[in-house]
Amino acid sequence: MNIRTFSIGGVHPEENKLTHEVPTQVAALPKQATFPLSQHIGAPAKPVVKKGDKVKVGTLIAEAGGFVSAPIYSSVSGTVFKVDTAVDATGYRKPVIIINVEGDEWEESIDRSDKLETLEAHPELTPEESVERIKVAGVTGMGGAGFPTFIKLCPPPTAKAECVIINAVECEPYITADYRLMMEHADEILVGLDLLMKAAKVTRGYIGIETNKMAAIDLFIEKTKNDDRIEIVPLKQRYPQGGEKQLVDAVIHRQVPAPPAIPVNVGAIVQNVGTAYAVYEAVMKRKPLFERYTTVTGKRLAHPGNFLVRMGTPMSDLIEACGGLPEGDNKLLAGGPMMGKALTSVDVPICKGTNSVTIISGDEARRREPQPCIRCAKCVSACPMGLEPYLLATVSSLHNWEKAEADDITSCIECGSCQFTCPAHRPLLDNIRQGKSTVMGIIRGRAAKK
């Protein structure tokens, strides 16, 4: 077996895949669902409902607020309680739509049957029709970034797609939602890949899976053995292999240049495995994106598990389903321990990009006292983008934005490999993240003046 990986940097944190073999269960409906209007990169969605309106599962409640945006659909049936603000995963109050749940009535346009639909059975589906259905359904990147999927399928004239790469890596510790999805819905994912390839007008597809998921690798190899268009690529266990640029490097051995370059500039369109499944449901079942696979995990949780959960469900409901918050201090993360966002409340709702709710004990989460840099260069060796994290962190802390930009701070993917490997426990990523945000603001301001 030819096992591939990316060429620069990377680390191997402890996996802690506690829920690897825990079958997915359907999460109970919440009593009240909260829908943030910013569940994607780009402009927030605009509400199209008001207080007192009745909605069903699959009813449009907010339309796209611009070209780079995505509509939002109700995952529940009931009555709109209010259009207001609430604390989301950023820790700030943002616009939301809150719905009181009453029953479980679905829009009749959604195909709820288990019948597998294939492209062969639907020759009338053109690439343009598939892209339109994906756009209308509000499908976004399910790996966390939340980029509207239809935009990736319409690359700029200067770039030509040659292949679609499905990101089934799931290299972040603890998270197993994608693995369970692969084991439970392989056929639908493959139809989703077929749809993405047709929409992108390419004839080559890859699925990259790390070797700690051998059952998934074997399953997909078996299911694609008679399809020479699709290659299953076993990948070495290495973080952050799920990053787009690292995955492109590992799978097709092409290097994506620094921003603003994206994978399609070297011929690749990268989509998360959860996105492929959502594409299948959007195109073949006319089902908007309003539920997803999510892992709820932590070493001290009584019953960690994987859930099919409706958007808008408060995380507290899922935590209770796993036995409740453990006693003592806890750190709650939306995502995994490497790239997840620390949350201020257990009532933050599940959104399109929430692949995991991770609970870490206070002792695990507590940072050690930072020490002076010992010039060991471990952060340089670990950086998958070939940057110098110690330098970027220093110039950021000194507010030397010109130097930070010159040293390519905008190429940082914020994976945390530098901070993870630093023996002096320095807050490298914290400083770099602040510096990157400031420099990107400067760049945008400069562009606006032209």
# chains A, B, ... in the order shown; residues from 1 in each chain; ligands from 1

call {"tool": "residues_around", "arguments": {"residues": "Ala89 of chain A", "least_positions_apart": "2", "cutoff": "8 Å", "atoms": "only C-alpha atoms", "output": "list in words"}}
result
Val87, Gly91, Tyr92, Ala334, Lys341, Ala342, Leu343 and Val348 of chain A

call {"tool": "residues_around", "arguments": {"residues": "Glu320 of chain A", "least_positions_apart": "4", "cutoff": "10 Å", "atoms": "only C-alpha atoms", "output": "ChimeraX atom specification"}}
result
/A:301-303,315-316,324-325

call {"tool": "residues_around", "arguments": {"residues": "Gln241 of chain A", "least_positions_apart": "2", "cutoff": "8 Å", "atoms": "only C-alpha atoms", "output": "PyMOL selection string"}}
result
chain A and resi 5-6+10+169+171+237-239+243-244+246-247+250

call {"tool": "residues_around", "arguments": {"residues": "Cys422 of chain A", "least_positions_apart": "4", "cutoff": "7 Å", "atoms": "only C-alpha atoms", "output": "short mmCIF file (atom, residue, chain, number, x, y, z; two decimals) with all heavy atoms, in the first residue's frame"}}
result
data_model
loop_
_atom_site.label_atom_id
_atom_site.label_comp_id
_atom_site.auth_asym_id
_atom_site.auth_seq_id
_atom_site.Cartn_x
_atom_site.Cartn_y
_atom_site.Cartn_z
N LYS A 378 12.12 24.21 16.89
CA LYS A 378 11.10 23.15 16.73
C LYS A 378 9.86 23.69 16.04
O LYS A 378 9.21 22.98 15.27
CB LYS A 378 10.75 22.56 18.09
CG LYS A 378 11.78 21.58 18.63
CD LYS A 378 11.26 20.85 19.86
CE LYS A 378 12.25 19.78 20.30
NZ LYS A 378 11.75 19.01 21.46
N CYS A 379 9.51 24.94 16.33
CA CYS A 379 8.32 25.52 15.70
C CYS A 379 8.51 25.65 14.20
O CYS A 379 7.56 25.49 13.42
CB CYS A 379 7.98 26.87 16.33
SG CYS A 379 9.25 28.14 16.15
N CYS A 418 2.93 24.92 15.89
CA CYS A 418 4.08 25.60 16.49
C CYS A 418 3.93 25.65 18.01
O CYS A 418 4.85 25.31 18.76
CB CYS A 418 4.23 27.01 15.91
SG CYS A 418 2.74 28.04 16.04
N ARG A 426 5.52 28.85 24.78
CA ARG A 426 5.25 30.24 24.40
C ARG A 426 3.94 30.33 23.61
O ARG A 426 3.60 29.42 22.85
CB ARG A 426 6.40 30.81 23.57
CG ARG A 426 7.72 30.85 24.38
CD ARG A 426 8.84 31.55 23.63
NE ARG A 426 8.56 32.96 23.39
CZ ARG A 426 8.63 33.90 24.31
NH1 ARG A 426 8.94 33.59 25.57
NH2 ARG A 426 8.38 35.15 24.00
#

call {"tool": "residues_around", "arguments": {"residues": "Lys352 of chain A", "least_positions_apart": "3", "cutoff": "12 Å", "atoms": "only C-alpha atoms", "output": "number ranges by chain"}}
result
A: 35-41, 70-73, 75, 89, 138-148, 274-275, 278, 288-294, 309-313, 334, 349, 355-356

call {"tool": "select_by_dssp", "arguments": {"residues": "segment 213-410 of chain A", "states": "strand (DSSP E)", "output": "JSON, numbers by chain"}}
result
{"A": [230, 231, 232, 233, 234, 235, 268, 269, 270, 271, 272, 291, 292, 293, 294, 295, 296, 297, 305, 306, 307, 308, 309, 310, 330, 331, 332, 333, 334, 341, 342, 356, 357, 358, 359, 360, 361]}

call {"tool": "write_last_selection", "arguments": {"atoms": "N, CA and C atoms", "output": "tab-separated table (two decimals), in the first residue's frame"}}
result
chain	number	residue	atom	x	y	z
A	230	ILE	N	-11.84	7.07	-9.85
A	230	ILE	CA	-11.70	7.45	-8.44
A	230	ILE	C	-10.58	6.65	-7.79
A	231	GLU	N	-9.72	7.36	-7.06
A	231	GLU	CA	-8.62	6.71	-6.34
A	231	GLU	C	-8.75	6.98	-4.84
A	232	ILE	N	-8.67	5.91	-4.06
A	232	ILE	CA	-8.65	6.04	-2.60
A	232	ILE	C	-7.19	6.16	-2.18
A	233	VAL	N	-6.86	7.26	-1.48
A	233	VAL	CA	-5.46	7.55	-1.15
A	233	VAL	C	-5.23	7.37	0.35
A	234	PRO	N	-4.56	6.27	0.78
A	234	PRO	CA	-4.21	6.13	2.20
A	234	PRO	C	-3.13	7.15	2.58
A	235	LEU	N	-3.33	7.81	3.69
A	235	LEU	CA	-2.41	8.86	4.12
A	235	LEU	C	-1.82	8.55	5.49
A	268	ALA	N	-6.94	21.59	-8.35
A	268	ALA	CA	-7.70	20.75	-7.40
A	268	ALA	C	-8.86	21.52	-6.76
A	269	ILE	N	-10.00	20.86	-6.66
A	269	ILE	CA	-11.12	21.36	-5.86
A	269	ILE	C	-11.25	20.43	-4.67
A	270	VAL	N	-11.10	20.98	-3.46
A	270	VAL	CA	-11.11	20.17	-2.24
A	270	VAL	C	-12.45	20.35	-1.52
A	271	GLN	N	-13.09	19.23	-1.19
A	271	GLN	CA	-14.36	19.28	-0.45
A	271	GLN	C	-14.31	18.26	0.69
A	272	ASN	N	-14.83	18.66	1.84
A	272	ASN	CA	-14.90	17.76	2.98
A	272	ASN	C	-15.85	16.60	2.70
A	291	GLU	N	-28.94	19.69	9.08
A	291	GLU	CA	-28.47	18.78	10.12
A	291	GLU	C	-27.10	18.25	9.72
A	292	ARG	N	-26.35	17.74	10.69
A	292	ARG	CA	-25.00	17.26	10.41
A	292	ARG	C	-24.56	16.23	11.44
A	293	TYR	N	-23.49	15.51	11.10
A	293	TYR	CA	-22.85	14.58	12.03
A	293	TYR	C	-21.91	15.37	12.93
A	294	THR	N	-22.01	15.14	14.23
A	294	THR	CA	-21.20	15.86	15.21
A	294	THR	C	-20.74	14.89	16.31
A	295	THR	N	-19.48	14.99	16.69
A	295	THR	CA	-18.94	14.21	17.80
A	295	THR	C	-19.04	15.03	19.09
A	296	VAL	N	-19.46	14.38	20.17
A	296	VAL	CA	-19.45	15.01	21.50
A	296	VAL	C	-18.54	14.14	22.37
A	297	THR	N	-17.43	14.70	22.84
A	297	THR	CA	-16.39	13.84	23.39
A	297	THR	C	-15.58	14.52	24.49
A	305	GLY	N	-20.15	10.35	22.39
A	305	GLY	CA	-20.80	9.71	21.26
A	305	GLY	C	-20.78	10.55	20.00
A	306	ASN	N	-21.37	9.99	18.94
A	306	ASN	CA	-21.54	10.67	17.66
A	306	ASN	C	-23.04	10.85	17.43
A	307	PHE	N	-23.42	12.02	16.91
A	307	PHE	CA	-24.83	12.35	16.77
A	307	PHE	C	-25.13	12.91	15.38
A	308	LEU	N	-26.32	12.57	14.87
A	308	LEU	CA	-26.91	13.30	13.76
A	308	LEU	C	-27.80	14.34	14.41
A	309	VAL	N	-27.41	15.61	14.28
A	309	VAL	CA	-28.04	16.65	15.08
A	309	VAL	C	-28.55	17.78	14.18
A	310	ARG	N	-29.71	18.28	14.53
A	310	ARG	CA	-30.30	19.41	13.80
A	310	ARG	C	-29.57	20.70	14.16
A	330	ASN	N	-13.99	22.69	33.55
A	330	ASN	CA	-14.01	22.15	32.20
A	330	ASN	C	-13.76	23.26	31.19
A	331	LYS	N	-13.12	22.89	30.09
A	331	LYS	CA	-12.98	23.80	28.96
A	331	LYS	C	-13.81	23.23	27.82
A	332	LEU	N	-14.74	24.02	27.30
A	332	LEU	CA	-15.65	23.59	26.24
A	332	LEU	C	-15.17	24.15	24.91
A	333	LEU	N	-15.02	23.26	23.93
A	333	LEU	CA	-14.52	23.66	22.61
A	333	LEU	C	-15.53	23.31	21.53
A	334	ALA	N	-15.72	24.24	20.59
A	334	ALA	CA	-16.42	23.92	19.35
A	334	ALA	C	-15.34	23.47	18.38
A	341	LYS	N	-12.57	26.34	18.89
A	341	LYS	CA	-12.76	27.62	19.58
A	341	LYS	C	-13.28	27.37	20.99
A	342	ALA	N	-12.66	27.99	21.98
A	342	ALA	CA	-13.13	27.90	23.35
A	342	ALA	C	-14.44	28.67	23.48
A	356	SER	N	-17.58	18.99	16.08
A	356	SER	CA	-17.33	18.38	17.38
A	356	SER	C	-17.61	19.34	18.52
A	357	VAL	N	-18.05	18.79	19.63
A	357	VAL	CA	-18.09	19.50	20.91
A	357	VAL	C	-17.14	18.72	21.83
A	358	THR	N	-16.04	19.35	22.20
A	358	THR	CA	-15.00	18.66	22.97
A	358	THR	C	-14.89	19.29	24.35
A	359	ILE	N	-14.91	18.43	25.37
A	359	ILE	CA	-14.83	18.91	26.75
A	359	ILE	C	-13.51	18.43	27.35
A	360	ILE	N	-12.68	19.37	27.73
A	360	ILE	CA	-11.36	19.08	28.28
A	360	ILE	C	-11.35	19.51	29.74
A	361	SER	N	-10.76	18.71	30.59
A	361	SER	CA	-10.71	19.05	32.01
A	361	SER	C	-9.82	20.26	32.24
